[in-house]
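Here is the file final.cif (mmCIF, C-alpha atoms).
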```cif
data_final
#
loop_
_atom_site.group_PDB
_atom_site.id
_atom_site.type_symbol
_atom_site.label_atom_id
_atom_site.label_comp_id
_atom_site.auth_asym_id
_atom_site.auth_seq_id
_atom_site.Cartn_x
_atom_site.Cartn_y
_atom_site.Cartn_z
ATOM 1 C CA MET Q 9 -13.912 -9.132 -13.353
ATOM 2 C CA THR Q 10 -12.232 -11.661 -11.118
ATOM 3 C CA VAL Q 11 -9.028 -13.307 -12.331
ATOM 4 C CA ALA Q 12 -7.560 -16.672 -11.377
ATOM 5 C CA VAL Q 13 -3.824 -16.596 -10.659
ATOM 6 C CA ALA Q 14 -1.497 -19.585 -10.257
ATOM 7 C CA ALA Q 15 2.147 -20.497 -10.581
ATOM 8 C CA LEU Q 16 1.539 -23.462 -12.896
ATOM 9 C CA ARG Q 17 -0.806 -24.134 -15.816
ATOM 10 C CA THR Q 18 -1.734 -27.425 -14.179
ATOM 11 C CA GLU Q 19 -3.189 -25.570 -11.186
ATOM 12 C CA LEU Q 20 -5.600 -23.745 -13.524
ATOM 13 C CA LEU Q 21 -6.624 -26.742 -15.669
ATOM 14 C CA PHE Q 22 -10.214 -26.804 -14.423
ATOM 15 C CA VAL Q 23 -10.791 -23.073 -13.921
ATOM 16 C CA ARG Q 24 -13.571 -21.818 -16.182
ATOM 17 C CA GLY Q 25 -15.354 -18.537 -16.792
ATOM 18 C CA MET Q 26 -12.589 -16.113 -15.833
ATOM 19 C CA PRO Q 27 -9.215 -14.941 -17.123
ATOM 20 C CA ARG Q 28 -6.351 -17.194 -16.018
ATOM 21 C CA ILE Q 29 -2.900 -15.815 -15.245
ATOM 22 C CA VAL Q 30 0.120 -18.133 -14.974
ATOM 23 C CA VAL Q 31 2.980 -16.439 -13.109
ATOM 24 C CA GLY Q 32 5.562 -19.107 -12.294
ATOM 25 C CA MET Q 33 7.096 -19.762 -8.892
ATOM 26 C CA GLY Q 34 9.185 -17.609 -6.610
ATOM 27 C CA PRO Q 35 9.676 -13.845 -6.250
ATOM 28 C CA ARG Q 36 9.517 -13.174 -10.010
ATOM 29 C CA SER Q 37 5.873 -14.225 -9.928
ATOM 30 C CA ARG Q 38 5.073 -10.739 -8.627
ATOM 31 C CA GLU Q 39 6.560 -9.089 -11.734
ATOM 32 C CA ARG Q 40 4.630 -11.415 -14.028
ATOM 33 C CA LEU Q 41 1.401 -10.709 -12.150
ATOM 34 C CA ALA Q 42 1.998 -6.943 -12.352
ATOM 35 C CA GLU Q 43 2.509 -7.235 -16.098
ATOM 36 C CA ALA Q 44 -0.727 -9.200 -16.543
ATOM 37 C CA LEU Q 45 -2.741 -6.892 -14.285
ATOM 38 C CA GLY Q 46 -1.511 -3.956 -16.353
ATOM 39 C CA ARG Q 47 -3.501 -5.407 -19.269
ATOM 40 C CA LEU Q 48 -6.590 -6.437 -17.282
ATOM 41 C CA ARG Q 49 -9.040 -4.570 -15.068
ATOM 42 C CA ALA Q 50 -9.271 -7.053 -12.250
ATOM 43 C CA ARG Q 51 -11.791 -6.272 -9.525
ATOM 44 C CA GLY Q 52 -10.753 -9.354 -7.578
ATOM 45 C CA ALA Q 53 -8.293 -12.245 -7.684
ATOM 46 C CA VAL Q 54 -8.385 -15.853 -6.596
ATOM 47 C CA VAL Q 55 -4.832 -17.119 -6.136
ATOM 48 C CA LEU Q 56 -4.887 -20.903 -6.547
ATOM 49 C CA GLY Q 57 -2.251 -23.573 -6.259
ATOM 50 C CA PHE Q 58 -0.644 -26.560 -4.660
ATOM 51 C CA CYS Q 59 1.131 -26.552 -1.329
ATOM 52 C CA GLY Q 60 2.938 -28.779 1.090
ATOM 53 C CA ALA Q 61 1.192 -29.572 4.380
ATOM 54 C CA THR Q 62 2.905 -28.576 7.588
ATOM 55 C CA HIS Q 63 0.544 -30.606 9.805
ATOM 56 C CA ALA Q 64 0.104 -34.393 9.738
ATOM 57 C CA ARG Q 65 -3.707 -34.107 9.897
ATOM 58 C CA LEU Q 66 -3.794 -32.469 6.447
ATOM 59 C CA ALA Q 67 -4.258 -35.162 3.806
ATOM 60 C CA PRO Q 68 -3.608 -34.830 0.077
ATOM 61 C CA GLY Q 69 -6.433 -32.803 -1.438
ATOM 62 C CA SER Q 70 -7.128 -30.782 1.711
ATOM 63 C CA LEU Q 71 -7.963 -27.168 0.937
ATOM 64 C CA ILE Q 72 -6.354 -24.316 2.884
ATOM 65 C CA LEU Q 73 -7.874 -20.862 2.705
ATOM 66 C CA ALA Q 74 -5.073 -18.502 3.721
ATOM 67 C CA SER Q 75 -5.948 -16.089 6.518
ATOM 68 C CA SER Q 76 -2.443 -14.647 6.271
ATOM 69 C CA ILE Q 77 0.718 -15.221 4.274
ATOM 70 C CA ARG Q 78 4.178 -15.063 5.728
ATOM 71 C CA HIS Q 79 7.644 -14.836 4.199
ATOM 72 C CA GLY Q 80 10.560 -14.533 6.595
ATOM 73 C CA ALA Q 81 9.487 -12.079 9.299
ATOM 74 C CA GLU Q 82 6.947 -10.287 7.070
ATOM 75 C CA GLU Q 83 3.249 -11.115 7.120
ATOM 76 C CA ILE Q 84 0.249 -10.045 5.043
ATOM 77 C CA GLU Q 85 -3.237 -10.476 6.465
ATOM 78 C CA VAL Q 86 -6.106 -11.371 4.146
ATOM 79 C CA SER Q 87 -9.349 -9.434 4.648
ATOM 80 C CA GLY Q 88 -11.218 -10.982 7.561
ATOM 81 C CA GLY Q 89 -14.549 -10.255 5.893
ATOM 82 C CA LEU Q 90 -13.494 -12.040 2.716
ATOM 83 C CA ILE Q 91 -12.160 -15.009 4.690
ATOM 84 C CA ALA Q 92 -15.402 -15.326 6.672
ATOM 85 C CA ALA Q 93 -17.529 -15.186 3.520
ATOM 86 C CA ALA Q 94 -15.263 -17.625 1.669
ATOM 87 C CA GLY Q 95 -15.272 -20.014 4.622
ATOM 88 C CA LYS Q 96 -19.074 -20.175 4.416
ATOM 89 C CA ARG Q 97 -18.877 -20.955 0.704
ATOM 90 C CA LEU Q 98 -16.133 -23.568 1.193
ATOM 91 C CA PRO Q 99 -16.975 -25.239 4.514
ATOM 92 C CA ALA Q 100 -14.537 -28.113 3.881
ATOM 93 C CA ALA Q 101 -11.579 -25.722 3.617
ATOM 94 C CA GLU Q 102 -9.269 -25.227 6.574
ATOM 95 C CA ILE Q 103 -8.648 -21.569 7.387
ATOM 96 C CA GLY Q 104 -5.173 -20.598 8.539
ATOM 97 C CA PRO Q 105 -1.785 -19.109 7.690
ATOM 98 C CA VAL Q 106 0.369 -20.096 4.718
ATOM 99 C CA TYR Q 107 4.139 -19.635 4.507
ATOM 100 C CA THR Q 108 5.978 -18.729 1.291
ATOM 101 C CA ALA Q 109 9.400 -20.374 1.133
ATOM 102 C CA ASP Q 110 12.291 -19.598 -1.207
ATOM 103 C CA ARG Q 111 12.633 -23.241 -2.266
ATOM 104 C CA ILE Q 112 10.677 -26.494 -2.054
ATOM 105 C CA ALA Q 113 10.315 -27.374 1.623
ATOM 106 C CA ASP Q 114 11.494 -30.848 2.607
ATOM 107 C CA PRO Q 115 9.813 -32.725 5.490
ATOM 108 C CA PRO Q 116 12.039 -31.321 8.279
ATOM 109 C CA GLU Q 117 11.470 -27.768 6.994
ATOM 110 C CA LYS Q 118 7.702 -28.339 6.776
ATOM 111 C CA ALA Q 119 7.735 -29.609 10.371
ATOM 112 C CA ARG Q 120 9.599 -26.477 11.490
ATOM 113 C CA LEU Q 121 7.107 -24.261 9.645
ATOM 114 C CA SER Q 122 4.198 -25.981 11.408
ATOM 115 C CA LEU Q 123 4.742 -23.613 14.318
ATOM 116 C CA PHE Q 124 3.194 -20.771 12.335
ATOM 117 C CA ALA Q 125 1.653 -22.108 9.108
ATOM 118 C CA MET Q 126 -0.708 -24.802 7.831
ATOM 119 C CA GLY Q 127 0.814 -24.982 4.371
ATOM 120 C CA VAL Q 128 3.915 -23.902 2.470
ATOM 121 C CA ASP Q 129 4.259 -22.688 -1.118
ATOM 122 C CA MET Q 130 6.682 -20.548 -3.125
ATOM 123 C CA GLU Q 131 4.662 -17.564 -4.378
ATOM 124 C CA SER Q 132 1.600 -16.554 -2.321
ATOM 125 C CA PHE Q 133 3.400 -13.828 -0.372
ATOM 126 C CA HIS Q 134 4.817 -12.218 -3.511
ATOM 127 C CA LEU Q 135 1.437 -12.271 -5.244
ATOM 128 C CA ALA Q 136 -0.336 -10.903 -2.168
ATOM 129 C CA GLN Q 137 2.160 -8.009 -2.094
ATOM 130 C CA GLU Q 138 1.266 -7.014 -5.647
ATOM 131 C CA LEU Q 139 -2.483 -7.413 -5.185
ATOM 132 C CA ARG Q 140 -2.423 -5.422 -1.948
ATOM 133 C CA ALA Q 141 -0.346 -2.651 -3.589
ATOM 134 C CA ARG Q 142 -2.955 -2.415 -6.365
ATOM 135 C CA ARG Q 143 -5.846 -2.613 -3.874
ATOM 136 C CA VAL Q 144 -7.292 -5.655 -5.626
ATOM 137 C CA PRO Q 145 -9.323 -7.794 -3.188
ATOM 138 C CA PHE Q 146 -7.955 -11.329 -3.128
ATOM 139 C CA LEU Q 147 -8.244 -14.779 -1.628
ATOM 140 C CA ILE Q 148 -5.535 -17.428 -1.573
ATOM 141 C CA LEU Q 149 -6.593 -21.055 -1.763
ATOM 142 C CA ARG Q 150 -4.100 -23.899 -1.617
ATOM 143 C CA CYS Q 151 -4.623 -27.618 -2.131
ATOM 144 C CA VAL Q 152 -2.296 -30.024 -0.319
ATOM 145 C CA LEU Q 153 -0.168 -31.938 -2.812
ATOM 146 C CA ASP Q 154 2.457 -33.351 -0.459
ATOM 147 C CA THR Q 155 1.813 -34.279 3.147
ATOM 148 C CA LEU Q 156 4.042 -33.336 6.040
ATOM 149 C CA TRP Q 157 6.422 -36.287 5.726
ATOM 150 C CA GLU Q 158 6.523 -36.520 1.934
ATOM 151 C CA ASP Q 159 9.257 -34.932 -0.163
ATOM 152 C CA VAL Q 160 7.731 -33.584 -3.388
ATOM 153 C CA SER Q 161 11.202 -32.840 -4.787
ATOM 154 C CA ARG Q 162 11.651 -36.590 -5.364
ATOM 155 C CA ARG Q 163 9.056 -36.312 -8.157
ATOM 156 C CA SER Q 164 7.204 -39.526 -7.462
ATOM 157 C CA LEU Q 165 4.520 -40.513 -9.970
ATOM 158 C CA ARG Q 166 1.974 -40.476 -7.114
ATOM 159 C CA PHE Q 167 2.092 -36.672 -7.244
ATOM 160 C CA VAL Q 168 0.862 -36.605 -10.872
ATOM 161 C CA GLY Q 169 -2.535 -38.052 -9.972
ATOM 162 C CA ARG Q 170 -2.730 -35.866 -6.895
ATOM 163 C CA ALA Q 171 -1.954 -32.769 -8.950
ATOM 164 C CA ILE Q 172 -4.882 -33.490 -11.280
ATOM 165 C CA SER Q 173 -7.182 -34.166 -8.317
ATOM 166 C CA CYS Q 174 -6.067 -30.931 -6.625
ATOM 167 C CA ALA Q 175 -6.549 -28.985 -9.866
ATOM 168 C CA ARG Q 176 -10.149 -30.268 -10.045
ATOM 169 C CA ARG Q 177 -10.808 -29.162 -6.465
ATOM 170 C CA LEU Q 178 -9.239 -25.757 -7.123
ATOM 171 C CA GLY Q 179 -11.338 -25.301 -10.276
ATOM 172 C CA ARG Q 180 -14.575 -26.074 -8.429
ATOM 173 C CA ALA Q 181 -13.581 -23.747 -5.588
ATOM 174 C CA ALA Q 182 -12.733 -20.916 -7.991
ATOM 175 C CA GLU Q 183 -16.252 -21.130 -9.442
ATOM 176 C CA VAL Q 184 -17.651 -20.652 -5.928
ATOM 177 C CA LEU Q 185 -15.292 -17.840 -4.884
ATOM 178 C CA ALA Q 186 -15.087 -15.730 -8.056
ATOM 179 C CA PRO Q 187 -18.629 -14.304 -7.936
ATOM 180 C CA MET Q 188 -18.097 -13.299 -4.318
ATOM 181 C CA LEU Q 189 -14.990 -11.264 -5.224
ATOM 182 C CA ALA Q 190 -16.554 -9.719 -8.327
ATOM 183 C CA GLY Q 191 -19.611 -8.651 -6.343
ATOM 184 C CA GLY Q 192 -17.592 -7.156 -3.514
ATOM 185 C CA GLU Q 193 -19.124 -9.419 -0.838
ATOM 186 C CA GLY Q 194 -17.322 -9.649 2.448
#
```
If you took the structure in this file and wrote it as structure tokens, what would it be?
Amino acid sequence: MTVAVAALRTELLFVRGMPRIVVGMGPRSRERLAEALGRLRARGAVVLGFCGATHARLAPGSLILASSIRHGAEEIEVSGGLIAAAGKRLPAAEIGPVYTADRIADPPEKARLSLFAMGVDMESFHLAQELRARRVPFLILRCVLDTLWEDVSRRSLRFVGRAISCARRLGRAAEVLAPMLAGGEG
């Protein structure tokens, strides 16, 4: 079975037909994922969630399919075969690297990260570490919540509507990607 993994319940609101695992943000997300995977027999995982854009061309709602995930100087590559197959199933998604930060990235930090990432989140790297250690095939899909020059830490009401819209997009994408992971395509 394929599982859907996300930091927040909101990110999984529209995911149907598969077990959903909420792990929280930051490094502790790996421990929570390990605990959940100990109870489940996952044959694949779709890691879903919101991110900040590091490029001005990425609008709210843009999907980023992570080809690699970086944290500090460490980097984890996602299976090229899985990325190619997922890209065909989600042609509107951008394919590129995602950076996992230790805190919410403000606009200057997102601009700095643009040198080596398309989006920034707070847990993808940690989750990828656990999935790779368990040899569970995975994909990481992010939906842009805050654009390059927006500061999500200011908690504007505009982000509430965007979060729901992103959650819908993530739910639809999970339906497309889950069968691919369960069937071992790629």
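Of the residues under consideration (Q:Ile72, Q:Trp157, Q:Glu183, Q:Met188), Q:Glu183 shows the shortest atom-to-atom contact distance to Met26 in chain Q when counting only C-alpha atoms.
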_For Leu90 in chain Q: contacts at 12 Å, only C-alpha atoms, fewer than 5 positions along chain excluded, given as a PyMOL selection string_ = chain Q and resi 52-54+73-76+85+95-98+103+145-148+185-186+188-194
*Determine the residue membership of the PyMOL selection byres ((chain Q and resi 124) around 10) for the file above and supply it as number ranges by chain.*
Q: 62, 78, 104-107, 120-123, 125-127
Output of the above residues as a PDB file, keeping the file's coordinate frame, restricted to C-alpha atoms:
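This is the output file part_1.pdb:
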```pdb
ATOM      1  CA  THR Q  62       2.905 -28.576   7.588  1.00  0.00           C
ATOM      2  CA  ARG Q  78       4.178 -15.063   5.728  1.00  0.00           C
ATOM      3  CA  GLY Q 104      -5.173 -20.598   8.539  1.00  0.00           C
ATOM      4  CA  PRO Q 105      -1.785 -19.109   7.690  1.00  0.00           C
ATOM      5  CA  VAL Q 106       0.369 -20.096   4.718  1.00  0.00           C
ATOM      6  CA  TYR Q 107       4.139 -19.635   4.507  1.00  0.00           C
ATOM      7  CA  ARG Q 120       9.599 -26.477  11.490  1.00  0.00           C
ATOM      8  CA  LEU Q 121       7.107 -24.261   9.645  1.00  0.00           C
ATOM      9  CA  SER Q 122       4.198 -25.981  11.408  1.00  0.00           C
ATOM     10  CA  LEU Q 123       4.742 -23.613  14.318  1.00  0.00           C
ATOM     11  CA  ALA Q 125       1.653 -22.108   9.108  1.00  0.00           C
ATOM     12  CA  MET Q 126      -0.708 -24.802   7.831  1.00  0.00           C
ATOM     13  CA  GLY Q 127       0.814 -24.982   4.371  1.00  0.00           C
TER      14      GLY Q 127
END
```
*Hey, what's within 7 Å of Phe58 in chain Q if we count all atoms listed in the file and toss same-chain stuff fewer than 3 positions away? As number ranges by chain, please?*
Q: 150-153
*Using all atoms listed in the file, what residues lie at most 9 Å away from (0.1, -10.7, -12.3) (file coordinates), given as number ranges by chain?*
Q: 13, 29-31, 37-46, 135, 138-139
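Of the listed residues Q:Ala93, Q:Leu16, Q:Val11, Q:Ala67, the one whose atoms come nearest to Arg28 in chain Q is Q:Val11, with distances taken using only C-alpha atoms.
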*asked:* Env of Glu158 in chain Q: 9 Å cut, atoms = only C-alpha atoms, seq-sep filter 4 positions within chain, self excluded. Answer as a ChimeraX atom specification.
replied: /Q:60,114-115,154,162
*Hey, which of Q:Leu149, Q:Arg143, Q:Ala64, Q:Ala92 ends up closest to Arg180 in chain Q? Count only C-alpha atoms.*
Q:Leu149
*Between Q:Leu48, Q:Cys174, Q:Ala61, Q:Val23, which has the minimum distance to Glu117 in chain Q (counting all atoms listed in the file)?*
Q:Ala61
Box along x, y and z, 3 Å on every side, all listed atoms of range 89-108 of chain Q inside: centre and edge lengths in Å to one decimal, as AutoDock Vina command-line options.
```
--center_x -6.5 --center_y -19.2 --center_z 4.6 --size_x 31.1 --size_y 23.9 --size_z 13.8
```
*With all atoms listed in the file as the basis for distance, which of Q:Val160, Q:Cys59, Q:Pro187, Q:Ala171 is at the shortest distance from Met9 in chain Q?*
Q:Pro187
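Interatomic distance, CA of Ser70 in chain Q against CA of Ser173 in chain Q: 10.6 Å.
Among the candidates Q:Ser161, Q:Ser132, Q:Thr155, Q:Ser87, the one nearest to Ala14 in chain Q when counting all atoms listed in the file is Q:Ser132.
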*Expected answer as a PyMOL selection string: all residues with atoms within 6 Å of (3.2, -8.9, 2.9), only C-alpha atoms*: chain Q and resi 82-84+133+137
*Take CA of Gly179 in chain Q and CA of Pro27 in chain Q and report the distance between them in Å, one decimal.*
12.6 Å
*asked:* For the provided coordinates, the residues matched by the PyMOL selection byres ((chain Q and resi 21) around 8) should be stated as a ChimeraX atom specification.
replied: /Q:17-20,22-23,175-176,179
Taking C-alpha atoms for each residue, export the selection above as a short mmCIF file (atom, residue, chain, number, x, y, z; two decimals), in the coordinates of the input.
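Produced file again-v5.cif, reproduced below:
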```cif
data_model
loop_
_atom_site.label_atom_id
_atom_site.label_comp_id
_atom_site.auth_asym_id
_atom_site.auth_seq_id
_atom_site.Cartn_x
_atom_site.Cartn_y
_atom_site.Cartn_z
CA ARG Q 17 -0.81 -24.13 -15.82
CA THR Q 18 -1.73 -27.42 -14.18
CA GLU Q 19 -3.19 -25.57 -11.19
CA LEU Q 20 -5.60 -23.74 -13.52
CA PHE Q 22 -10.21 -26.80 -14.42
CA VAL Q 23 -10.79 -23.07 -13.92
CA ALA Q 175 -6.55 -28.98 -9.87
CA ARG Q 176 -10.15 -30.27 -10.04
CA GLY Q 179 -11.34 -25.30 -10.28
#
```
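In this model, the gap between CA of Pro99 in chain Q and CA of Ala136 in chain Q comes to 23.0 Å.
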